[in-house]
Amino acid sequence: MELIEYLKQLDEKYYNEQNESKEFAIKELNKVYKSVQKDPELLEDFMEEAPYICGGAYIPFLFWIVLAKFSENPDTYRPQITELIKAFCKSDFNERDAQELKPLIITYFAMEKRFEIDKLKAYVIDKAHPDIINYFHKLLTFVDKNKDSVKTYIEKFQLIKNFNPDFELLNLPIVRLRETLKQNH
């Protein structure tokens, strides 16, 4: 239970001392994530608790990690994706998180079965704050109407899904992303 206690303390520090500094939250949660990665039990506890602390600041990073696994094995990782979307619906919902999540959620919606998306929409998204409902509605509409752009989102994610989450890299145009990857490898 030390992990849970530490995360609660981190949450208090985030709201009280750090004035909701996303940089502080990400830095600290990255440290914790790295320290629990090799212990399946602690990792599971972390994955359950982390989305709900520090206003959900770590959700985009966790979503990236789980989406990479989902892309290989959808049935196994669907519940984790659902939990992260639930957490996001209950988070502080800010523009930065919404922007970071956008390419990931578009990729997820494009990979997921329509039945599962409809279920998620009915049981989770439609019960959220109107701003969040609107956000997801826009993303679903985008996926439905922009097949070529969606293919590009999927392709970009597939190229870098096994990297540590890097949203700047993910937001590069596909040609620049390929060039950057060639230069660095």
# chains A, B, ... in the order shown; residues from 1 in each chain; ligands from 1
$ residues_around --residues "stretch 8-19 of chain A" --least-positions-apart "4" --cutoff "9 Å" --atoms "only C-alpha atoms" --output "PDB file with all heavy atoms, in the first residue's frame"
ATOM      1  N   LEU A   3       2.654   2.381  -2.378  1.00  0.00           N
ATOM      2  CA  LEU A   3       2.464   3.030  -3.670  1.00  0.00           C
ATOM      3  C   LEU A   3       1.216   3.916  -3.650  1.00  0.00           C
ATOM      4  O   LEU A   3       1.274   5.087  -4.035  1.00  0.00           O
ATOM      5  CB  LEU A   3       2.351   1.985  -4.789  1.00  0.00           C
ATOM      6  CG  LEU A   3       1.976   2.523  -6.171  1.00  0.00           C
ATOM      7  CD1 LEU A   3       3.088   3.418  -6.725  1.00  0.00           C
ATOM      8  CD2 LEU A   3       1.686   1.383  -7.125  1.00  0.00           C
ATOM      9  N   ILE A   4       0.117   3.366  -3.182  1.00  0.00           N
ATOM     10  CA  ILE A   4      -1.149   4.113  -3.143  1.00  0.00           C
ATOM     11  C   ILE A   4      -0.994   5.345  -2.253  1.00  0.00           C
ATOM     12  O   ILE A   4      -1.436   6.445  -2.614  1.00  0.00           O
ATOM     13  CB  ILE A   4      -2.311   3.219  -2.630  1.00  0.00           C
ATOM     14  CG1 ILE A   4      -2.410   1.910  -3.419  1.00  0.00           C
ATOM     15  CG2 ILE A   4      -3.621   3.983  -2.627  1.00  0.00           C
ATOM     16  CD1 ILE A   4      -2.704   2.030  -4.880  1.00  0.00           C
ATOM     17  N   PHE A  24       5.293  19.097 -13.174  1.00  0.00           N
ATOM     18  CA  PHE A  24       5.624  18.421 -11.914  1.00  0.00           C
ATOM     19  C   PHE A  24       4.981  17.037 -11.873  1.00  0.00           C
ATOM     20  O   PHE A  24       5.636  16.041 -11.583  1.00  0.00           O
ATOM     21  CB  PHE A  24       5.151  19.265 -10.714  1.00  0.00           C
ATOM     22  CG  PHE A  24       5.060  18.482  -9.427  1.00  0.00           C
ATOM     23  CD1 PHE A  24       6.209  18.206  -8.695  1.00  0.00           C
ATOM     24  CD2 PHE A  24       3.836  17.999  -8.959  1.00  0.00           C
ATOM     25  CE1 PHE A  24       6.135  17.470  -7.517  1.00  0.00           C
ATOM     26  CE2 PHE A  24       3.753  17.263  -7.788  1.00  0.00           C
ATOM     27  CZ  PHE A  24       4.910  16.999  -7.066  1.00  0.00           C
ATOM     28  N   ALA A  25       3.688  16.971 -12.178  1.00  0.00           N
ATOM     29  CA  ALA A  25       2.952  15.706 -12.109  1.00  0.00           C
ATOM     30  C   ALA A  25       3.550  14.671 -13.057  1.00  0.00           C
ATOM     31  O   ALA A  25       3.786  13.524 -12.664  1.00  0.00           O
ATOM     32  CB  ALA A  25       1.476  15.941 -12.443  1.00  0.00           C
ATOM     33  N   GLU A  28       7.052  13.420 -11.833  1.00  0.00           N
ATOM     34  CA  GLU A  28       6.946  12.527 -10.671  1.00  0.00           C
ATOM     35  C   GLU A  28       6.296  11.193 -11.046  1.00  0.00           C
ATOM     36  O   GLU A  28       6.742  10.140 -10.619  1.00  0.00           O
ATOM     37  CB  GLU A  28       6.154  13.208  -9.546  1.00  0.00           C
ATOM     38  CG  GLU A  28       6.866  14.390  -8.918  1.00  0.00           C
ATOM     39  CD  GLU A  28       8.231  14.039  -8.340  1.00  0.00           C
ATOM     40  OE1 GLU A  28       8.330  13.046  -7.602  1.00  0.00           O
ATOM     41  OE2 GLU A  28       9.198  14.764  -8.650  1.00  0.00           O
ATOM     42  N   LEU A  29       5.242  11.247 -11.842  1.00  0.00           N
ATOM     43  CA  LEU A  29       4.558  10.014 -12.226  1.00  0.00           C
ATOM     44  C   LEU A  29       5.402   9.165 -13.166  1.00  0.00           C
ATOM     45  O   LEU A  29       5.331   7.936 -13.124  1.00  0.00           O
ATOM     46  CB  LEU A  29       3.184  10.330 -12.828  1.00  0.00           C
ATOM     47  CG  LEU A  29       2.168  10.809 -11.785  1.00  0.00           C
ATOM     48  CD1 LEU A  29       0.968  11.465 -12.448  1.00  0.00           C
ATOM     49  CD2 LEU A  29       1.738   9.677 -10.875  1.00  0.00           C
ATOM     50  N   TYR A  52      -6.363   8.813 -11.891  1.00  0.00           N
ATOM     51  CA  TYR A  52      -7.257   9.627 -11.059  1.00  0.00           C
ATOM     52  C   TYR A  52      -6.530  10.625 -10.174  1.00  0.00           C
ATOM     53  O   TYR A  52      -7.170  11.324  -9.402  1.00  0.00           O
ATOM     54  CB  TYR A  52      -8.137   8.700 -10.209  1.00  0.00           C
ATOM     55  CG  TYR A  52      -9.063   7.867 -11.069  1.00  0.00           C
ATOM     56  CD1 TYR A  52      -8.734   6.566 -11.415  1.00  0.00           C
ATOM     57  CD2 TYR A  52     -10.243   8.411 -11.571  1.00  0.00           C
ATOM     58  CE1 TYR A  52      -9.577   5.808 -12.232  1.00  0.00           C
ATOM     59  CE2 TYR A  52     -11.088   7.663 -12.388  1.00  0.00           C
ATOM     60  CZ  TYR A  52     -10.746   6.368 -12.713  1.00  0.00           C
ATOM     61  OH  TYR A  52     -11.568   5.635 -13.522  1.00  0.00           O
ATOM     62  N   ILE A  53      -5.212  10.682 -10.275  1.00  0.00           N
ATOM     63  CA  ILE A  53      -4.513  11.654  -9.441  1.00  0.00           C
ATOM     64  C   ILE A  53      -3.942  12.781 -10.303  1.00  0.00           C
ATOM     65  O   ILE A  53      -3.815  12.653 -11.505  1.00  0.00           O
ATOM     66  CB  ILE A  53      -3.412  11.000  -8.571  1.00  0.00           C
ATOM     67  CG1 ILE A  53      -2.324  10.402  -9.424  1.00  0.00           C
ATOM     68  CG2 ILE A  53      -3.995   9.945  -7.650  1.00  0.00           C
ATOM     69  CD1 ILE A  53      -1.059  10.204  -8.642  1.00  0.00           C
ATOM     70  N   CYS A  54      -3.635  13.869  -9.654  1.00  0.00           N
ATOM     71  CA  CYS A  54      -3.093  15.066 -10.312  1.00  0.00           C
ATOM     72  C   CYS A  54      -3.982  15.508 -11.477  1.00  0.00           C
ATOM     73  O   CYS A  54      -3.506  15.888 -12.545  1.00  0.00           O
ATOM     74  CB  CYS A  54      -1.656  14.840 -10.764  1.00  0.00           C
ATOM     75  SG  CYS A  54      -0.513  14.444  -9.413  1.00  0.00           S
ATOM     76  N   GLY A  55      -5.283  15.435 -11.251  1.00  0.00           N
ATOM     77  CA  GLY A  55      -6.236  15.907 -12.252  1.00  0.00           C
ATOM     78  C   GLY A  55      -6.249  15.110 -13.545  1.00  0.00           C
ATOM     79  O   GLY A  55      -6.725  15.582 -14.565  1.00  0.00           O
TER      80      GLY A  55
END
$ residues_around --residues "A:Lys90" --least-positions-apart "2" --cutoff "12 Å" --atoms "only C-alpha atoms" --output "number ranges by chain"
A: 51-57, 59, 83-88, 92-94, 124-125, 127-133
$ write_last_selection --atoms "N, CA and C atoms" --output "JSON list (two decimals), in the first residue's frame"
[["chain", "number", "residue", "atom", "x", "y", "z"],
["A", 51, "PRO", "N", -4.44, 7.30, -13.18],
["A", 51, "PRO", "CA", -5.31, 8.17, -13.99],
["A", 51, "PRO", "C", -6.17, 9.13, -13.16],
["A", 52, "TYR", "N", -6.36, 8.81, -11.89],
["A", 52, "TYR", "CA", -7.26, 9.63, -11.06],
["A", 52, "TYR", "C", -6.53, 10.63, -10.17],
["A", 53, "ILE", "N", -5.21, 10.68, -10.27],
["A", 53, "ILE", "CA", -4.51, 11.65, -9.44],
["A", 53, "ILE", "C", -3.94, 12.78, -10.30],
["A", 54, "CYS", "N", -3.63, 13.87, -9.65],
["A", 54, "CYS", "CA", -3.09, 15.07, -10.31],
["A", 54, "CYS", "C", -3.98, 15.51, -11.48],
["A", 55, "GLY", "N", -5.28, 15.43, -11.25],
["A", 55, "GLY", "CA", -6.24, 15.91, -12.25],
["A", 55, "GLY", "C", -6.25, 15.11, -13.55],
["A", 56, "GLY", "N", -5.67, 13.92, -13.51],
["A", 56, "GLY", "CA", -5.62, 13.09, -14.72],
["A", 56, "GLY", "C", -4.47, 13.45, -15.64],
["A", 57, "ALA", "N", -3.48, 14.17, -15.11],
["A", 57, "ALA", "CA", -2.36, 14.65, -15.93],
["A", 57, "ALA", "C", -1.60, 13.53, -16.65],
["A", 59, "ILE", "N", -2.90, 10.68, -17.82],
["A", 59, "ILE", "CA", -3.75, 9.87, -18.71],
["A", 59, "ILE", "C", -3.20, 9.78, -20.13],
["A", 83, "GLU", "N", -11.18, 2.02, -18.98],
["A", 83, "GLU", "CA", -10.91, 2.67, -17.69],
["A", 83, "GLU", "C", -10.23, 4.01, -17.87],
["A", 84, "LEU", "N", -9.31, 4.10, -18.82],
["A", 84, "LEU", "CA", -8.62, 5.37, -19.06],
["A", 84, "LEU", "C", -9.59, 6.42, -19.61],
["A", 85, "ILE", "N", -10.50, 6.00, -20.46],
["A", 85, "ILE", "CA", -11.50, 6.95, -20.98],
["A", 85, "ILE", "C", -12.44, 7.38, -19.86],
["A", 86, "LYS", "N", -12.81, 6.44, -18.99],
["A", 86, "LYS", "CA", -13.63, 6.81, -17.81],
["A", 86, "LYS", "C", -12.90, 7.85, -16.96],
["A", 87, "ALA", "N", -11.62, 7.58, -16.70],
["A", 87, "ALA", "CA", -10.83, 8.51, -15.89],
["A", 87, "ALA", "C", -10.74, 9.87, -16.57],
["A", 88, "PHE", "N", -10.54, 9.87, -17.89],
["A", 88, "PHE", "CA", -10.46, 11.13, -18.63],
["A", 88, "PHE", "C", -11.78, 11.90, -18.52],
["A", 92, "ASP", "N", -9.71, 16.68, -14.84],
["A", 92, "ASP", "CA", -9.81, 18.14, -14.87],
["A", 92, "ASP", "C", -10.07, 18.66, -16.29],
["A", 93, "PHE", "N", -10.03, 17.79, -17.28],
["A", 93, "PHE", "CA", -10.26, 18.08, -18.70],
["A", 93, "PHE", "C", -9.74, 19.46, -19.09],
["A", 94, "ASN", "N", -8.48, 19.48, -19.48],
["A", 94, "ASN", "CA", -7.91, 20.74, -19.97],
["A", 94, "ASN", "C", -7.48, 20.58, -21.42],
["A", 124, "VAL", "N", -20.24, 5.41, -20.86],
["A", 124, "VAL", "CA", -19.21, 6.26, -20.25],
["A", 124, "VAL", "C", -19.29, 7.70, -20.77],
["A", 125, "ILE", "N", -19.09, 7.86, -22.06],
["A", 125, "ILE", "CA", -18.94, 9.20, -22.64],
["A", 125, "ILE", "C", -20.21, 10.04, -22.49],
["A", 127, "LYS", "N", -22.35, 10.12, -20.35],
["A", 127, "LYS", "CA", -22.65, 10.50, -18.96],
["A", 127, "LYS", "C", -21.67, 11.55, -18.43],
["A", 128, "ALA", "N", -20.77, 11.98, -19.29],
["A", 128, "ALA", "CA", -19.73, 12.94, -18.89],
["A", 128, "ALA", "C", -20.24, 14.37, -19.01],
["A", 129, "HIS", "N", -19.36, 15.30, -18.68],
["A", 129, "HIS", "CA", -19.63, 16.73, -18.80],
["A", 129, "HIS", "C", -19.89, 17.06, -20.28],
["A", 130, "PRO", "N", -20.79, 18.01, -20.57],
["A", 130, "PRO", "CA", -21.08, 18.37, -21.98],
["A", 130, "PRO", "C", -19.84, 18.69, -22.82],
["A", 131, "ASP", "N", -18.83, 19.32, -22.24],
["A", 131, "ASP", "CA", -17.60, 19.64, -22.99],
["A", 131, "ASP", "C", -16.89, 18.35, -23.42],
["A", 132, "ILE", "N", -16.91, 17.36, -22.56],
["A", 132, "ILE", "CA", -16.26, 16.09, -22.87],
["A", 132, "ILE", "C", -17.08, 15.32, -23.91],
["A", 133, "ILE", "N", -18.38, 15.34, -23.77],
["A", 133, "ILE", "CA", -19.25, 14.69, -24.76],
["A", 133, "ILE", "C", -18.98, 15.31, -26.14]]
$ select_by_dssp --residues "chain A" --states "helix (DSSP H, G or I)" --output "VMD selection string"
chain A and resid 2 to 16 22 to 36 40 to 52 54 to 56 59 to 72 74 to 90 95 to 111 114 to 123 125 to 127 130 to 145 147 to 160 167 to 170 174 to 184
$ closest_atom_pairs --of "stretch 69-149 of chain A" --to "stretch 159-166 of chain A" --cutoff "10 Å" --atoms "only C-alpha atoms" --output "JSON lines"
{"residue": "A:Lys69", "atom": "CA", "partner": "A:Lys161", "partner_atom": "CA", "distance": 8.8}
{"residue": "A:Ser71", "atom": "CA", "partner": "A:Lys161", "partner_atom": "CA", "distance": 9.1}
{"residue": "A:Glu100", "atom": "CA", "partner": "A:Asp166", "partner_atom": "CA", "distance": 9.5}
$ write_last_selection --atoms "N, CA and C atoms" --output "PDB file, in the first residue's frame"
ATOM      1  N   LYS A  69      -0.294  -1.619 -26.608  1.00  0.00           N
ATOM      2  CA  LYS A  69      -0.615  -3.023 -26.300  1.00  0.00           C
ATOM      3  C   LYS A  69      -1.941  -3.429 -26.950  1.00  0.00           C
ATOM      4  N   SER A  71      -3.173  -2.334 -29.698  1.00  0.00           N
ATOM      5  CA  SER A  71      -2.992  -2.519 -31.140  1.00  0.00           C
ATOM      6  C   SER A  71      -2.501  -3.933 -31.468  1.00  0.00           C
ATOM      7  N   GLU A 100      -3.196  16.323 -26.496  1.00  0.00           N
ATOM      8  CA  GLU A 100      -2.282  15.177 -26.486  1.00  0.00           C
ATOM      9  C   GLU A 100      -3.032  13.877 -26.779  1.00  0.00           C
TER      10      GLU A 100
END
$ residues_around --residues "A:Pro60" --least-positions-apart "4" --cutoff "7 Å" --atoms "only C-alpha atoms" --output "ChimeraX atom specification"
/A:64,97,100-101
$ write_last_selection --atoms "C-alpha atoms" --output "CSV table (one decimal), in the first residue's frame"
chain,number,residue,atom,x,y,z
A,64,TRP,CA,-0.2,5.7,-25.3
A,97,ASP,CA,-4.5,16.8,-22.2
A,100,GLU,CA,-2.3,15.2,-26.5
A,101,LEU,CA,-5.0,12.5,-26.4
$ residues_around --residues "A:Val143" --least-positions-apart "3" --cutoff "10 Å" --atoms "only C-alpha atoms" --output "PyMOL selection string"
chain A and resi 105-110+137-140+146-151
$ write_last_selection --atoms "N, CA and C atoms" --output "compact mmCIF listing (two decimals), in the first residue's frame"
# COMPACT_ATOMS: atom_id res chain seq x y z
N ILE A 105 -6.75 8.93 -29.35
CA ILE A 105 -8.17 8.52 -29.34
C ILE A 105 -8.66 8.30 -30.77
N ILE A 106 -8.22 9.14 -31.69
CA ILE A 106 -8.59 8.93 -33.10
C ILE A 106 -8.07 7.55 -33.56
N THR A 107 -6.84 7.25 -33.21
CA THR A 107 -6.25 5.95 -33.56
C THR A 107 -7.04 4.82 -32.92
N TYR A 108 -7.37 4.98 -31.66
CA TYR A 108 -8.16 3.95 -30.96
C TYR A 108 -9.52 3.75 -31.64
N PHE A 109 -10.24 4.85 -31.89
CA PHE A 109 -11.56 4.74 -32.52
C PHE A 109 -11.46 4.05 -33.88
N ALA A 110 -10.39 4.32 -34.61
CA ALA A 110 -10.23 3.71 -35.93
C ALA A 110 -9.92 2.21 -35.84
N HIS A 137 -17.51 13.51 -29.45
CA HIS A 137 -18.36 13.56 -30.64
C HIS A 137 -17.57 14.08 -31.84
N LYS A 138 -16.78 15.15 -31.63
CA LYS A 138 -15.96 15.70 -32.71
C LYS A 138 -14.96 14.68 -33.21
N LEU A 139 -14.34 13.93 -32.29
CA LEU A 139 -13.35 12.93 -32.69
C LEU A 139 -14.00 11.78 -33.46
N LEU A 140 -15.15 11.34 -33.01
CA LEU A 140 -15.86 10.27 -33.73
C LEU A 140 -16.28 10.73 -35.13
N ASN A 146 -13.00 11.32 -42.26
CA ASN A 146 -11.65 11.61 -42.77
C ASN A 146 -10.79 10.35 -42.81
N LYS A 147 -11.17 9.41 -43.61
CA LYS A 147 -10.49 8.10 -43.65
C LYS A 147 -9.00 8.21 -43.96
N ASP A 148 -8.61 9.08 -44.90
CA ASP A 148 -7.19 9.20 -45.25
C ASP A 148 -6.37 9.77 -44.09
N SER A 149 -6.91 10.80 -43.44
CA SER A 149 -6.21 11.38 -42.28
C SER A 149 -6.09 10.36 -41.16
N VAL A 150 -7.15 9.59 -40.96
CA VAL A 150 -7.15 8.59 -39.90
C VAL A 150 -6.08 7.53 -40.17
N LYS A 151 -5.95 7.12 -41.45
CA LYS A 151 -4.89 6.16 -41.81
C LYS A 151 -3.52 6.72 -41.44
$ closest_residue --among "A:Asn134, A:Thr180, A:Lys31, A:Lys156" --to "A:Ala98" --atoms "only C-alpha atoms"
A:Asn134
$ residues_around --residues "stretch 41-44 of chain A" --least-positions-apart "3" --cutoff "10 Å" --atoms "only C-alpha atoms" --output "list of chain:residue names"
A:Met1, A:Glu2, A:Leu3, A:Ile4, A:Val32, A:Tyr33, A:Lys34, A:Ser35, A:Val36, A:Gln37, A:Lys38, A:Met47, A:Glu48, A:Glu49
$ decode --residues "stretch 16-76 of chain A" --atoms "C-alpha atoms" --output "PDB file, in the first residue's frame"
ATOM      1  CA  ASN A  16      -1.624  22.394  -2.754  1.00  0.00           C
ATOM      2  CA  GLU A  17       2.064  23.105  -3.285  1.00  0.00           C
ATOM      3  CA  GLN A  18       2.596  22.823  -7.034  1.00  0.00           C
ATOM      4  CA  ASN A  19      -0.404  24.899  -8.150  1.00  0.00           C
ATOM      5  CA  GLU A  20      -1.513  22.105 -10.480  1.00  0.00           C
ATOM      6  CA  SER A  21       1.767  22.013 -12.396  1.00  0.00           C
ATOM      7  CA  LYS A  22       1.387  19.411 -15.131  1.00  0.00           C
ATOM      8  CA  GLU A  23       5.182  19.309 -15.588  1.00  0.00           C
ATOM      9  CA  PHE A  24       5.624  18.421 -11.914  1.00  0.00           C
ATOM     10  CA  ALA A  25       2.952  15.706 -12.109  1.00  0.00           C
ATOM     11  CA  ILE A  26       4.369  14.132 -15.285  1.00  0.00           C
ATOM     12  CA  LYS A  27       7.938  14.150 -13.971  1.00  0.00           C
ATOM     13  CA  GLU A  28       6.946  12.527 -10.671  1.00  0.00           C
ATOM     14  CA  LEU A  29       4.558  10.014 -12.226  1.00  0.00           C
ATOM     15  CA  ASN A  30       7.179   9.042 -14.821  1.00  0.00           C
ATOM     16  CA  LYS A  31       9.566   8.235 -11.956  1.00  0.00           C
ATOM     17  CA  VAL A  32       6.926   6.107 -10.241  1.00  0.00           C
ATOM     18  CA  TYR A  33       5.985   4.367 -13.502  1.00  0.00           C
ATOM     19  CA  LYS A  34       9.634   3.457 -14.171  1.00  0.00           C
ATOM     20  CA  SER A  35      10.035   2.140 -10.630  1.00  0.00           C
ATOM     21  CA  VAL A  36       6.982  -0.168 -10.830  1.00  0.00           C
ATOM     22  CA  GLN A  37       7.365  -1.388 -14.430  1.00  0.00           C
ATOM     23  CA  LYS A  38       9.128  -4.624 -13.490  1.00  0.00           C
ATOM     24  CA  ASP A  39       6.653  -5.607 -10.749  1.00  0.00           C
ATOM     25  CA  PRO A  40       3.348  -6.752 -12.321  1.00  0.00           C
ATOM     26  CA  GLU A  41       1.354  -6.282  -9.114  1.00  0.00           C
ATOM     27  CA  LEU A  42       2.635  -2.762  -8.442  1.00  0.00           C
ATOM     28  CA  LEU A  43       2.233  -1.883 -12.115  1.00  0.00           C
ATOM     29  CA  GLU A  44      -1.401  -2.983 -12.007  1.00  0.00           C
ATOM     30  CA  ASP A  45      -2.008  -0.858  -8.880  1.00  0.00           C
ATOM     31  CA  PHE A  46      -0.298   2.093 -10.546  1.00  0.00           C
ATOM     32  CA  MET A  47      -2.376   1.708 -13.739  1.00  0.00           C
ATOM     33  CA  GLU A  48      -5.571   1.708 -11.656  1.00  0.00           C
ATOM     34  CA  GLU A  49      -4.705   4.704  -9.466  1.00  0.00           C
ATOM     35  CA  ALA A  50      -2.552   7.024 -11.591  1.00  0.00           C
ATOM     36  CA  PRO A  51      -5.314   8.168 -13.985  1.00  0.00           C
ATOM     37  CA  TYR A  52      -7.257   9.627 -11.059  1.00  0.00           C
ATOM     38  CA  ILE A  53      -4.513  11.654  -9.441  1.00  0.00           C
ATOM     39  CA  CYS A  54      -3.093  15.066 -10.312  1.00  0.00           C
ATOM     40  CA  GLY A  55      -6.236  15.907 -12.252  1.00  0.00           C
ATOM     41  CA  GLY A  56      -5.621  13.087 -14.721  1.00  0.00           C
ATOM     42  CA  ALA A  57      -2.362  14.645 -15.935  1.00  0.00           C
ATOM     43  CA  TYR A  58      -0.833  11.235 -16.657  1.00  0.00           C
ATOM     44  CA  ILE A  59      -3.755   9.874 -18.707  1.00  0.00           C
ATOM     45  CA  PRO A  60      -2.222  10.739 -22.120  1.00  0.00           C
ATOM     46  CA  PHE A  61       0.979   8.839 -21.216  1.00  0.00           C
ATOM     47  CA  LEU A  62      -0.939   5.822 -19.919  1.00  0.00           C
ATOM     48  CA  PHE A  63      -3.249   5.891 -22.942  1.00  0.00           C
ATOM     49  CA  TRP A  64      -0.210   5.742 -25.251  1.00  0.00           C
ATOM     50  CA  ILE A  65       1.219   2.747 -23.370  1.00  0.00           C
ATOM     51  CA  VAL A  66      -2.084   0.856 -23.296  1.00  0.00           C
ATOM     52  CA  LEU A  67      -2.973   1.735 -26.912  1.00  0.00           C
ATOM     53  CA  ALA A  68       0.349   0.231 -28.046  1.00  0.00           C
ATOM     54  CA  LYS A  69      -0.615  -3.023 -26.300  1.00  0.00           C
ATOM     55  CA  PHE A  70      -4.214  -2.773 -27.544  1.00  0.00           C
ATOM     56  CA  SER A  71      -2.992  -2.519 -31.140  1.00  0.00           C
ATOM     57  CA  GLU A  72      -1.390  -5.966 -30.693  1.00  0.00           C
ATOM     58  CA  ASN A  73      -4.100  -7.587 -28.566  1.00  0.00           C
ATOM     59  CA  PRO A  74      -7.421  -5.665 -28.491  1.00  0.00           C
ATOM     60  CA  ASP A  75      -9.482  -8.058 -26.377  1.00  0.00           C
ATOM     61  CA  THR A  76      -6.950  -8.156 -23.557  1.00  0.00           C
TER      62      THR A  76
END
